[in-house]
file final_6.txt (compact mmCIF, C-alpha atoms)
# COMPACT_ATOMS: atom_id res chain seq x y z
CA MET A 1 -67.55 -1.98 -49.90
CA SER A 2 -65.48 0.74 -48.27
CA ILE A 3 -64.32 -1.72 -45.59
CA VAL A 4 -63.16 -4.16 -48.26
CA ALA A 5 -61.36 -1.39 -50.13
CA GLN A 6 -59.71 -0.23 -46.94
CA ALA A 7 -58.58 -3.77 -46.16
CA PHE A 8 -56.94 -4.08 -49.58
CA HIS A 9 -55.26 -0.72 -48.99
CA VAL A 10 -53.90 -1.57 -45.53
CA LEU A 11 -53.18 -5.29 -45.83
CA PRO A 12 -50.31 -5.19 -48.37
CA LYS A 13 -48.46 -2.56 -46.34
CA LEU A 14 -48.92 -4.61 -43.17
CA ILE A 15 -47.73 -7.78 -44.89
CA VAL A 16 -44.65 -6.06 -46.30
CA LEU A 17 -43.66 -4.58 -42.93
CA LEU A 18 -44.24 -7.84 -41.05
CA THR A 19 -42.23 -9.72 -43.68
CA ILE A 20 -39.31 -7.32 -43.35
CA ILE A 21 -39.45 -7.56 -39.55
CA ALA A 22 -39.49 -11.36 -39.79
CA ILE A 23 -36.48 -11.34 -42.12
CA SER A 24 -34.55 -9.02 -39.81
CA LEU A 25 -35.35 -11.08 -36.73
CA THR A 26 -34.38 -14.26 -38.58
CA GLY A 27 -31.09 -12.63 -39.48
CA GLN A 28 -30.44 -12.04 -35.79
CA VAL A 29 -31.53 -15.44 -34.53
CA ASN A 30 -30.21 -17.64 -37.33
CA PRO A 31 -28.07 -15.62 -39.76
CA SER A 32 -26.48 -18.73 -41.27
CA ILE A 33 -29.68 -19.21 -43.27
CA PHE A 34 -28.62 -16.32 -45.48
CA SER A 35 -24.86 -16.92 -45.50
CA LYS A 36 -22.70 -19.18 -43.37
CA SER A 37 -19.48 -17.33 -44.11
CA ASP A 38 -20.88 -13.89 -43.27
CA SER A 39 -23.33 -14.92 -40.56
CA THR A 40 -21.75 -12.73 -37.88
CA TRP A 41 -21.94 -9.57 -39.98
CA ILE A 42 -25.50 -10.37 -41.01
CA ALA A 43 -26.49 -10.76 -37.36
CA ILE A 44 -24.81 -7.45 -36.48
CA LEU A 45 -26.50 -5.70 -39.40
CA CYS A 46 -29.90 -7.06 -38.40
CA ALA A 47 -29.29 -5.97 -34.82
CA PHE A 48 -29.43 -2.39 -36.10
CA THR A 49 -32.11 -2.83 -38.76
CA THR A 50 -34.64 -4.44 -36.42
CA PRO A 51 -35.24 -1.38 -34.18
CA ILE A 52 -35.28 0.86 -37.27
CA ILE A 53 -37.95 -1.28 -38.93
CA LEU A 54 -39.95 -1.50 -35.72
CA THR A 55 -39.83 2.29 -35.47
CA ALA A 56 -41.12 2.55 -39.04
CA PHE A 57 -43.87 0.04 -38.21
CA TYR A 58 -44.88 2.15 -35.22
CA GLY A 59 -44.89 5.27 -37.37
CA VAL A 60 -47.28 3.69 -39.86
CA TYR A 61 -49.66 2.29 -37.24
CA GLN A 62 -49.15 4.83 -34.48
CA LYS A 63 -52.85 5.35 -33.76
CA GLN A 64 -53.48 1.65 -33.30
CA LEU A 65 -50.30 0.98 -31.31
CA GLU A 66 -50.21 4.09 -29.13
CA PRO A 67 -52.44 2.69 -26.32
CA ILE A 68 -50.32 -0.47 -26.14
CA VAL A 69 -47.04 1.45 -26.23
CA ARG A 70 -48.27 3.84 -23.55
CA VAL A 71 -48.83 0.91 -21.19
CA LEU A 72 -45.64 -0.98 -22.07
CA LEU A 73 -43.39 2.07 -21.69
CA LEU A 74 -44.63 2.85 -18.18
CA PRO A 75 -46.68 6.06 -18.48
CA PHE A 76 -45.30 7.50 -15.22
CA LEU A 77 -41.77 7.63 -16.67
CA PRO A 78 -40.52 9.86 -19.51
CA ARG A 79 -40.71 7.92 -22.75
CA GLY A 80 -37.20 8.94 -23.80
CA ILE A 81 -35.65 7.47 -20.66
CA VAL A 82 -37.56 4.20 -21.01
CA LEU A 83 -36.55 3.85 -24.66
CA ASN A 84 -32.91 4.56 -23.87
CA VAL A 85 -32.91 1.94 -21.12
CA LEU A 86 -34.47 -0.56 -23.53
CA PHE A 87 -31.80 0.23 -26.11
CA VAL A 88 -29.06 -0.21 -23.49
CA VAL A 89 -30.43 -3.63 -22.56
CA TYR A 90 -31.06 -4.61 -26.19
CA PHE A 91 -27.68 -3.59 -27.61
CA GLY A 92 -25.84 -4.64 -24.45
CA ALA A 93 -27.24 -8.16 -24.58
CA LEU A 94 -26.57 -8.50 -28.31
CA ALA A 95 -23.03 -7.17 -27.90
CA ILE A 96 -22.28 -9.92 -25.39
CA ILE A 97 -24.00 -12.60 -27.47
CA TYR A 98 -22.23 -11.67 -30.72
CA LYS A 99 -19.05 -10.42 -29.00
CA SER A 100 -19.26 -7.31 -31.13
CA GLN A 101 -17.57 -4.05 -30.15
CA LEU A 102 -19.69 -2.25 -32.75
CA ILE A 103 -22.92 -3.22 -31.00
CA GLY A 104 -21.23 -2.62 -27.66
CA PHE A 105 -20.44 0.90 -28.80
CA ALA A 106 -24.13 1.39 -29.64
CA ALA A 107 -25.03 0.23 -26.12
CA VAL A 108 -22.66 2.80 -24.62
CA VAL A 109 -24.13 5.52 -26.84
CA ALA A 110 -27.61 4.60 -25.61
CA LEU A 111 -26.37 4.67 -22.02
CA SER A 112 -24.79 8.08 -22.55
CA SER A 113 -28.01 9.35 -24.09
CA LEU A 114 -29.67 8.98 -20.70
CA THR A 115 -27.78 12.14 -19.74
CA SER A 116 -28.93 13.81 -23.01
CA PHE A 117 -25.43 13.73 -24.53
CA SER A 118 -25.41 13.34 -28.29
CA VAL A 119 -23.02 13.59 -31.21
CA PHE A 120 -24.08 14.41 -34.73
CA TYR A 121 -22.38 15.50 -37.90
CA MET A 122 -23.19 18.37 -40.21
CA PRO A 123 -21.19 19.27 -43.33
CA GLY A 124 -17.87 20.54 -42.05
CA MET A 125 -18.89 20.33 -38.41
CA LEU A 126 -19.01 17.72 -35.66
CA VAL A 127 -21.45 18.78 -32.94
CA LEU A 128 -21.29 17.59 -29.33
CA GLY A 129 -24.42 18.54 -27.44
CA PHE A 130 -26.53 18.03 -24.35
CA LYS A 131 -29.36 19.71 -22.50
CA GLU A 132 -28.02 22.43 -20.25
CA TYR A 133 -29.98 21.45 -17.16
CA MET A 134 -28.51 17.93 -17.45
CA LEU A 135 -24.91 19.11 -17.02
CA PRO A 136 -24.44 17.74 -13.46
CA PHE A 137 -25.93 14.39 -14.47
CA LEU A 138 -23.79 14.34 -17.60
CA VAL A 139 -20.56 14.96 -15.70
CA PHE A 140 -21.06 12.74 -12.70
CA GLY A 141 -22.90 10.01 -14.59
CA HIS A 142 -20.04 9.55 -17.03
CA PHE A 143 -17.51 9.98 -14.23
CA ILE A 144 -19.09 7.07 -12.34
CA VAL A 145 -19.15 4.87 -15.46
CA LEU A 146 -15.54 5.66 -16.34
CA SER A 147 -14.42 5.17 -12.74
CA ALA A 148 -16.12 1.78 -12.56
CA TYR A 149 -14.52 0.74 -15.84
CA SER A 150 -11.07 1.86 -14.66
CA ALA A 151 -11.53 0.06 -11.34
CA LEU A 152 -12.33 -3.19 -13.14
CA ILE A 153 -9.13 -2.92 -15.15
CA LEU A 154 -6.92 -1.96 -12.22
CA THR A 155 -8.28 -4.82 -10.09
CA ASN A 156 -7.89 -7.35 -12.92
CA ASN A 157 -11.63 -7.98 -13.11
CA PHE A 158 -11.86 -7.02 -16.77
CA THR A 159 -13.72 -9.90 -18.42
CA GLU A 160 -14.46 -10.71 -22.05
CA TYR A 161 -18.05 -9.63 -21.50
CA ILE A 162 -16.91 -6.12 -20.62
CA SER A 163 -14.33 -6.02 -23.41
CA VAL A 164 -17.07 -5.62 -26.04
CA PHE A 165 -17.85 -2.22 -24.51
CA LYS A 166 -14.21 -1.12 -24.31
CA THR A 167 -14.18 1.20 -27.33
CA GLY A 168 -17.37 2.95 -26.32
CA LEU A 169 -16.35 3.29 -22.68
CA GLU A 170 -12.88 4.60 -23.41
CA TYR A 171 -13.68 6.95 -26.27
CA TYR A 172 -17.34 7.95 -26.14
CA VAL A 173 -17.69 8.18 -22.36
CA SER A 174 -14.40 10.08 -22.08
CA ILE A 175 -15.47 12.56 -24.75
CA ALA A 176 -18.87 13.04 -23.11
CA LEU A 177 -17.27 13.60 -19.69
CA ALA A 178 -14.67 15.98 -21.10
CA THR A 179 -17.34 17.92 -23.00
CA GLY A 180 -19.41 18.40 -19.86
CA LEU A 181 -16.41 19.47 -17.81
CA HIS A 182 -15.26 21.84 -20.54
CA VAL A 183 -18.65 23.55 -20.67
CA GLY A 184 -18.96 23.71 -16.89
CA SER A 185 -15.43 25.13 -16.57
CA SER A 186 -15.69 27.58 -19.45
CA PRO A 187 -15.50 31.33 -18.70
CA LEU A 188 -18.15 31.78 -21.39
CA TYR A 189 -20.69 29.51 -19.70
CA ARG A 190 -23.54 31.71 -18.53
CA ASN A 191 -24.17 29.78 -15.32
CA LYS A 192 -21.03 30.77 -13.42
CA ALA A 193 -22.11 29.57 -9.98
CA ASN A 194 -20.11 26.33 -10.17
CA THR A 195 -17.48 27.27 -12.75
CA ILE A 196 -14.55 27.16 -10.33
CA ALA A 197 -15.71 23.86 -8.85
CA TYR A 198 -15.99 22.30 -12.30
CA ALA A 199 -12.59 23.72 -13.28
CA LEU A 200 -10.84 22.32 -10.20
CA PHE A 201 -12.52 18.95 -10.67
CA PHE A 202 -11.51 19.00 -14.34
CA ILE A 203 -7.86 19.68 -13.51
CA LEU A 204 -7.79 17.06 -10.75
CA LEU A 205 -9.46 14.42 -12.89
CA SER A 206 -7.26 15.16 -15.90
CA THR A 207 -4.15 14.87 -13.74
CA LEU A 208 -5.29 11.53 -12.36
CA ALA A 209 -6.20 10.29 -15.85
CA LEU A 210 -2.77 11.38 -17.11
CA ILE A 211 -1.08 9.38 -14.36
CA LEU A 212 -3.13 6.34 -15.35
CA ASN A 213 -2.19 6.95 -18.97
CA ILE A 214 1.52 6.86 -18.15
CA PHE A 215 1.65 4.05 -15.61
CA THR A 216 -1.26 1.74 -16.50
CA GLN A 217 -2.95 0.29 -19.56
CA ILE A 218 -5.79 2.83 -19.36
CA LYS A 219 -4.66 5.18 -22.13
CA ILE A 220 -7.56 6.84 -23.94
CA PRO A 221 -9.38 8.63 -21.07
CA GLY A 222 -6.21 10.43 -20.05
CA SER A 223 -5.51 11.58 -23.60
CA VAL A 224 -9.06 12.83 -24.12
CA LEU A 225 -9.45 14.55 -20.75
CA CYS A 226 -6.04 16.20 -20.88
CA GLY A 227 -6.68 17.45 -24.41
CA PHE A 228 -9.97 19.05 -23.45
CA CYS A 229 -8.48 20.40 -20.22
CA VAL A 230 -5.58 22.07 -22.03
CA PHE A 231 -7.91 23.82 -24.44
CA THR A 232 -10.12 24.90 -21.55
CA ILE A 233 -7.07 26.51 -19.95
CA ILE A 234 -6.25 28.20 -23.27
CA GLU A 235 -9.83 29.45 -23.44
CA TRP A 236 -9.41 30.99 -19.99
CA LEU A 237 -6.12 32.60 -21.02
CA GLY A 238 -7.76 34.06 -24.10
CA PHE A 239 -10.74 35.27 -22.09
CA LEU A 240 -8.53 37.05 -19.57
CA ALA A 241 -6.17 38.40 -22.23
CA LEU A 242 -9.06 39.84 -24.23
CA LYS A 243 -9.65 42.33 -21.44
CA ARG A 244 -6.31 43.91 -22.37
CA GLY A 245 -7.11 44.13 -26.05
CA THR A 246 -7.62 42.00 -29.13
CA THR A 247 -3.98 42.11 -30.20
CA PHE A 248 -2.74 40.97 -26.81
CA CYS A 249 -5.35 38.19 -26.81
CA CYS A 250 -4.20 36.94 -30.24
CA VAL A 251 -0.58 36.91 -29.10
CA VAL A 252 -1.44 34.95 -25.96
CA LEU A 253 -3.47 32.42 -27.93
CA ALA A 254 -0.74 32.02 -30.54
CA VAL A 255 1.94 31.47 -27.91
CA SER A 256 -0.32 29.06 -26.00
CA LEU A 257 -1.14 26.97 -29.06
CA PHE A 258 2.52 26.91 -30.07
CA GLY A 259 3.39 25.74 -26.57
CA VAL A 260 0.79 22.98 -26.81
CA ALA A 261 2.20 21.84 -30.16
CA VAL A 262 5.74 21.75 -28.76
CA GLY A 263 4.53 19.95 -25.64
CA ILE A 264 2.77 17.27 -27.66
CA ASP A 265 5.86 16.79 -29.79
CA LYS A 266 8.12 16.44 -26.76
CA CYS A 267 5.78 14.24 -24.73
CA GLN A 268 4.44 11.94 -27.43
CA GLY A 269 6.75 9.18 -26.26
CA LEU A 270 5.51 9.53 -22.70
CA ILE A 271 1.79 10.03 -23.25
CA GLN A 272 0.11 7.40 -25.39
CA PHE A 273 -2.86 8.43 -27.48
CA LYS A 274 -4.20 5.01 -28.42

call {"tool": "encode", "arguments": {"input": "final_6.txt", "output": "structure tokens"}}
result
Amino acid sequence: MSIVAQAFHVLPKLIVLLTIIAISLTGQVNPSIFSKSDSTWIAILCAFTTPIILTAFYGVYQKQLEPIVRVLLLPFLPRGIVLNVLFVVYFGALAIIYKSQLIGFAAVVALSSLTSFSVFYMPGMLVLGFKEYMLPFLVFGHFIVLSAYSALILTNNFTEYISVFKTGLEYYVSIALATGLHVGSSPLYRNKANTIAYALFFILLSTLALILNIFTQIKIPGSVLCGFCVFTIIEWLGFLALKRGTTFCCVVLAVSLFGVAVGIDKCQGLIQFK
């Protein structure tokens, strides 16, 4: 009797979840069933709902699915890395199929997450974060990706398949790279062994990105990197000025920020921000 009662307790939940998964997968494969005029948006929506529903399904039946998942996700590799790679492949393939920059952006976010970089919002605060020990991987991983992207554009090998990742590559990767370089170059970063090396690399890379911004069609990385680099320099000025007193530090920061504002106003015709 208890087995029958348990079956009635479990079966409806299983049926509901499987039905929702089936609907979401149908929306990806053949969205015109639901609406011909909005089929593209339905497919894009289902591209995001499917992994969410599958995650919920796993959460409900974790005990039963754990042995299978442990084998499928390669037990000798960290689960987070395997999942991120799967998300990169999943969203990357769908971005190309649907020609969607939104899904392409999600693929880039998943790729960036391999270096532990993340962005999340709290009331009144946008937080950019990563694991401290991953800083070298964060910097050079995103540098390689951004360099490869820039090389494709400069050599006229930029195809429509890559264009779906353009927004993510130009904005998200640039912000992740700039964040890592800012932290590594900061005078407040507790691991000061490579601070000067990061700072010099930051200045060199920002200068190169600025040149590309002015003379080529690669605009966003230069704007992002130069912005972060300028504020890193201001941070250094404030740090050094603080040794001579709080008042002197405030004056230096005020003058520096005013100079930045004037510089942006004077150079806005030369440097493009979008």

call {"tool": "atom_distance", "arguments": {"input": "final_6.txt", "atom1": "atom CA of Lys99 of chain A", "atom2": "atom CA of Pro31 of chain A"}}
result
15.0 Å

call {"tool": "closest_residue", "arguments": {"input": "final_6.txt", "among": "A:Pro221, A:Gly92, A:Gly141, A:Pro51", "to": "Ile20 of chain A", "atoms": "only C-alpha atoms"}}
result
A:Pro51

call {"tool": "residues_around", "arguments": {"input": "final_6.txt", "residues": "segment 182-189 of chain A", "least_positions_apart": "3", "cutoff": "7 Å", "atoms": "only C-alpha atoms", "output": "count of residues only"}}
result
11

call {"tool": "residues_near_point", "arguments": {"input": "final_6.txt", "point": "(-35.6, -9.6, -41.0)", "cutoff": "12 Å", "atoms": "only C-alpha atoms", "output": "VMD selection string"}}
result
chain A and resid 16 to 31 33 to 34 42 to 54

call {"tool": "axis_aligned_box", "arguments": {"input": "final_6.txt", "around": "segment 121-138 of chain A", "padding_each_side": "4 Å", "output": "AutoDock Vina command-line options"}}
result
--center_x -23.9 --center_y 18.4 --center_z -28.4 --size_x 20.1 --size_y 16.1 --size_z 37.9

call {"tool": "residues_around", "arguments": {"input": "final_6.txt", "residues": "Ser206 of chain A", "least_positions_apart": "6", "cutoff": "7 Å", "atoms": "only C-alpha atoms", "output": "short mmCIF file (atom, residue, chain, number, x, y, z; two decimals) with C-alpha atoms, in the frame of the given file"}}
result
data_model
loop_
_atom_site.label_atom_id
_atom_site.label_comp_id
_atom_site.auth_asym_id
_atom_site.auth_seq_id
_atom_site.Cartn_x
_atom_site.Cartn_y
_atom_site.Cartn_z
CA GLY A 222 -6.21 10.43 -20.05
CA LEU A 225 -9.45 14.55 -20.75
CA CYS A 226 -6.04 16.20 -20.88
CA CYS A 229 -8.48 20.40 -20.22
#

call {"tool": "residues_around", "arguments": {"input": "final_6.txt", "residues": "Ser174 of chain A", "least_positions_apart": "2", "cutoff": "12 Å", "atoms": "all atoms listed in the file", "output": "PyMOL selection string"}}
result
chain A and resi 108-109+112+117+138-147+149-150+166-172+176-182+205-206+209+218-228

call {"tool": "write_last_selection", "arguments": {"input": "final_6.txt", "atoms": "C-alpha atoms", "output": "PDB file, keeping the file's coordinate frame"}}
result
ATOM      1  CA  VAL A 108     -22.660   2.800 -24.620  1.00  0.00           C
ATOM      2  CA  VAL A 109     -24.130   5.520 -26.840  1.00  0.00           C
ATOM      3  CA  SER A 112     -24.790   8.080 -22.550  1.00  0.00           C
ATOM      4  CA  PHE A 117     -25.430  13.730 -24.530  1.00  0.00           C
ATOM      5  CA  LEU A 138     -23.790  14.340 -17.600  1.00  0.00           C
ATOM      6  CA  VAL A 139     -20.560  14.960 -15.700  1.00  0.00           C
ATOM      7  CA  PHE A 140     -21.060  12.740 -12.700  1.00  0.00           C
ATOM      8  CA  GLY A 141     -22.900  10.010 -14.590  1.00  0.00           C
ATOM      9  CA  HIS A 142     -20.040   9.550 -17.030  1.00  0.00           C
ATOM     10  CA  PHE A 143     -17.510   9.980 -14.230  1.00  0.00           C
ATOM     11  CA  ILE A 144     -19.090   7.070 -12.340  1.00  0.00           C
ATOM     12  CA  VAL A 145     -19.150   4.870 -15.460  1.00  0.00           C
ATOM     13  CA  LEU A 146     -15.540   5.660 -16.340  1.00  0.00           C
ATOM     14  CA  SER A 147     -14.420   5.170 -12.740  1.00  0.00           C
ATOM     15  CA  TYR A 149     -14.520   0.740 -15.840  1.00  0.00           C
ATOM     16  CA  SER A 150     -11.070   1.860 -14.660  1.00  0.00           C
ATOM     17  CA  LYS A 166     -14.210  -1.120 -24.310  1.00  0.00           C
ATOM     18  CA  THR A 167     -14.180   1.200 -27.330  1.00  0.00           C
ATOM     19  CA  GLY A 168     -17.370   2.950 -26.320  1.00  0.00           C
ATOM     20  CA  LEU A 169     -16.350   3.290 -22.680  1.00  0.00           C
ATOM     21  CA  GLU A 170     -12.880   4.600 -23.410  1.00  0.00           C
ATOM     22  CA  TYR A 171     -13.680   6.950 -26.270  1.00  0.00           C
ATOM     23  CA  TYR A 172     -17.340   7.950 -26.140  1.00  0.00           C
ATOM     24  CA  ALA A 176     -18.870  13.040 -23.110  1.00  0.00           C
ATOM     25  CA  LEU A 177     -17.270  13.600 -19.690  1.00  0.00           C
ATOM     26  CA  ALA A 178     -14.670  15.980 -21.100  1.00  0.00           C
ATOM     27  CA  THR A 179     -17.340  17.920 -23.000  1.00  0.00           C
ATOM     28  CA  GLY A 180     -19.410  18.400 -19.860  1.00  0.00           C
ATOM     29  CA  LEU A 181     -16.410  19.470 -17.810  1.00  0.00           C
ATOM     30  CA  HIS A 182     -15.260  21.840 -20.540  1.00  0.00           C
ATOM     31  CA  LEU A 205      -9.460  14.420 -12.890  1.00  0.00           C
ATOM     32  CA  SER A 206      -7.260  15.160 -15.900  1.00  0.00           C
ATOM     33  CA  ALA A 209      -6.200  10.290 -15.850  1.00  0.00           C
ATOM     34  CA  ILE A 218      -5.790   2.830 -19.360  1.00  0.00           C
ATOM     35  CA  LYS A 219      -4.660   5.180 -22.130  1.00  0.00           C
ATOM     36  CA  ILE A 220      -7.560   6.840 -23.940  1.00  0.00           C
ATOM     37  CA  PRO A 221      -9.380   8.630 -21.070  1.00  0.00           C
ATOM     38  CA  GLY A 222      -6.210  10.430 -20.050  1.00  0.00           C
ATOM     39  CA  SER A 223      -5.510  11.580 -23.600  1.00  0.00           C
ATOM     40  CA  VAL A 224      -9.060  12.830 -24.120  1.00  0.00           C
ATOM     41  CA  LEU A 225      -9.450  14.550 -20.750  1.00  0.00           C
ATOM     42  CA  CYS A 226      -6.040  16.200 -20.880  1.00  0.00           C
ATOM     43  CA  GLY A 227      -6.680  17.450 -24.410  1.00  0.00           C
ATOM     44  CA  PHE A 228      -9.970  19.050 -23.450  1.00  0.00           C
TER      45      PHE A 228
END

call {"tool": "residues_around", "arguments": {"input": "final_6.txt", "residues": "Ala93 of chain A", "least_positions_apart": "5", "cutoff": "10 Å", "atoms": "all atoms listed in the file", "output": "PyMOL selection string"}}
result
chain A and resi 87-88+98-99+103-104+107+161

call {"tool": "write_last_selection", "arguments": {"input": "final_6.txt", "atoms": "C-alpha atoms", "output": "compact mmCIF listing (two decimals), in the frame of the given file"}}
result
# COMPACT_ATOMS: atom_id res chain seq x y z
CA PHE A 87 -31.80 0.23 -26.11
CA VAL A 88 -29.06 -0.21 -23.49
CA TYR A 98 -22.23 -11.67 -30.72
CA LYS A 99 -19.05 -10.42 -29.00
CA ILE A 103 -22.92 -3.22 -31.00
CA GLY A 104 -21.23 -2.62 -27.66
CA ALA A 107 -25.03 0.23 -26.12
CA TYR A 161 -18.05 -9.63 -21.50

call {"tool": "atom_distance", "arguments": {"input": "final_6.txt", "atom1": "atom CA of Ser256 of chain A", "atom2": "atom CA of Ile234 of chain A"}}
result
6.6 Å

call {"tool": "closest_residue", "arguments": {"input": "final_6.txt", "among": "A:Leu210, A:Leu83, A:Leu200, A:Leu253", "to": "Arg70 of chain A", "atoms": "all atoms listed in the file"}}
result
A:Leu83

call {"tool": "atom_distance", "arguments": {"input": "final_6.txt", "atom1": "atom CA of Ala95 of chain A", "atom2": "atom CA of Ser39 of chain A"}}
result
14.8 Å

call {"tool": "residues_around", "arguments": {"input": "final_6.txt", "residues": "segment 154-157 of chain A", "least_positions_apart": "3", "cutoff": "10 Å", "atoms": "all atoms listed in the file", "output": "number ranges by chain"}}
result
A: 148-151, 160, 162, 212, 216-218

call {"tool": "decode", "arguments": {"input": "final_6.txt", "residues": "segment 89-106 of chain A", "atoms": "N, CA and C atoms", "output": "PDB file, in the first residue's frame"}}
result
ATOM      1  N   VAL A  89      28.976  25.368 -25.321  1.00  0.00           N
ATOM      2  CA  VAL A  89      28.604  24.619 -26.533  1.00  0.00           C
ATOM      3  C   VAL A  89      27.113  24.775 -26.816  1.00  0.00           C
ATOM      4  N   TYR A  90      26.310  24.652 -25.779  1.00  0.00           N
ATOM      5  CA  TYR A  90      24.843  24.723 -25.932  1.00  0.00           C
ATOM      6  C   TYR A  90      24.413  26.096 -26.451  1.00  0.00           C
ATOM      7  N   PHE A  91      24.791  27.145 -25.734  1.00  0.00           N
ATOM      8  CA  PHE A  91      24.380  28.489 -26.142  1.00  0.00           C
ATOM      9  C   PHE A  91      25.080  28.920 -27.433  1.00  0.00           C
ATOM     10  N   GLY A  92      26.326  28.495 -27.611  1.00  0.00           N
ATOM     11  CA  GLY A  92      27.036  28.847 -28.835  1.00  0.00           C
ATOM     12  C   GLY A  92      26.373  28.264 -30.066  1.00  0.00           C
ATOM     13  N   ALA A  93      25.992  26.994 -29.982  1.00  0.00           N
ATOM     14  CA  ALA A  93      25.327  26.347 -31.119  1.00  0.00           C
ATOM     15  C   ALA A  93      23.971  26.991 -31.401  1.00  0.00           C
ATOM     16  N   LEU A  94      23.211  27.260 -30.342  1.00  0.00           N
ATOM     17  CA  LEU A  94      21.891  27.866 -30.534  1.00  0.00           C
ATOM     18  C   LEU A  94      22.004  29.295 -31.063  1.00  0.00           C
ATOM     19  N   ALA A  95      23.037  30.012 -30.629  1.00  0.00           N
ATOM     20  CA  ALA A  95      23.231  31.381 -31.124  1.00  0.00           C
ATOM     21  C   ALA A  95      23.458  31.382 -32.632  1.00  0.00           C
ATOM     22  N   ILE A  96      24.225  30.425 -33.110  1.00  0.00           N
ATOM     23  CA  ILE A  96      24.486  30.326 -34.550  1.00  0.00           C
ATOM     24  C   ILE A  96      23.234  29.875 -35.301  1.00  0.00           C
ATOM     25  N   ILE A  97      22.512  28.919 -34.715  1.00  0.00           N
ATOM     26  CA  ILE A  97      21.307  28.407 -35.373  1.00  0.00           C
ATOM     27  C   ILE A  97      20.242  29.492 -35.491  1.00  0.00           C
ATOM     28  N   TYR A  98      20.002  30.211 -34.379  1.00  0.00           N
ATOM     29  CA  TYR A  98      18.948  31.233 -34.365  1.00  0.00           C
ATOM     30  C   TYR A  98      19.454  32.615 -34.764  1.00  0.00           C
ATOM     31  N   LYS A  99      20.780  32.733 -34.948  1.00  0.00           N
ATOM     32  CA  LYS A  99      21.398  34.022 -35.281  1.00  0.00           C
ATOM     33  C   LYS A  99      20.998  35.086 -34.262  1.00  0.00           C
ATOM     34  N   SER A 100      21.133  34.718 -32.999  1.00  0.00           N
ATOM     35  CA  SER A 100      20.697  35.582 -31.905  1.00  0.00           C
ATOM     36  C   SER A 100      21.895  36.096 -31.115  1.00  0.00           C
ATOM     37  N   GLN A 101      22.031  37.417 -31.046  1.00  0.00           N
ATOM     38  CA  GLN A 101      23.105  38.000 -30.243  1.00  0.00           C
ATOM     39  C   GLN A 101      22.831  37.836 -28.752  1.00  0.00           C
ATOM     40  N   LEU A 102      21.562  37.722 -28.380  1.00  0.00           N
ATOM     41  CA  LEU A 102      21.224  37.512 -26.972  1.00  0.00           C
ATOM     42  C   LEU A 102      21.755  36.167 -26.483  1.00  0.00           C
ATOM     43  N   ILE A 103      21.510  35.116 -27.262  1.00  0.00           N
ATOM     44  CA  ILE A 103      22.025  33.799 -26.889  1.00  0.00           C
ATOM     45  C   ILE A 103      23.543  33.779 -27.030  1.00  0.00           C
ATOM     46  N   GLY A 104      24.058  34.484 -28.036  1.00  0.00           N
ATOM     47  CA  GLY A 104      25.502  34.582 -28.192  1.00  0.00           C
ATOM     48  C   GLY A 104      26.154  35.238 -26.991  1.00  0.00           C
ATOM     49  N   PHE A 105      25.482  36.236 -26.441  1.00  0.00           N
ATOM     50  CA  PHE A 105      25.990  36.887 -25.229  1.00  0.00           C
ATOM     51  C   PHE A 105      26.038  35.891 -24.071  1.00  0.00           C
ATOM     52  N   ALA A 106      25.003  35.060 -23.969  1.00  0.00           N
ATOM     53  CA  ALA A 106      24.979  34.039 -22.913  1.00  0.00           C
ATOM     54  C   ALA A 106      26.131  33.053 -23.083  1.00  0.00           C
TER      55      ALA A 106
END
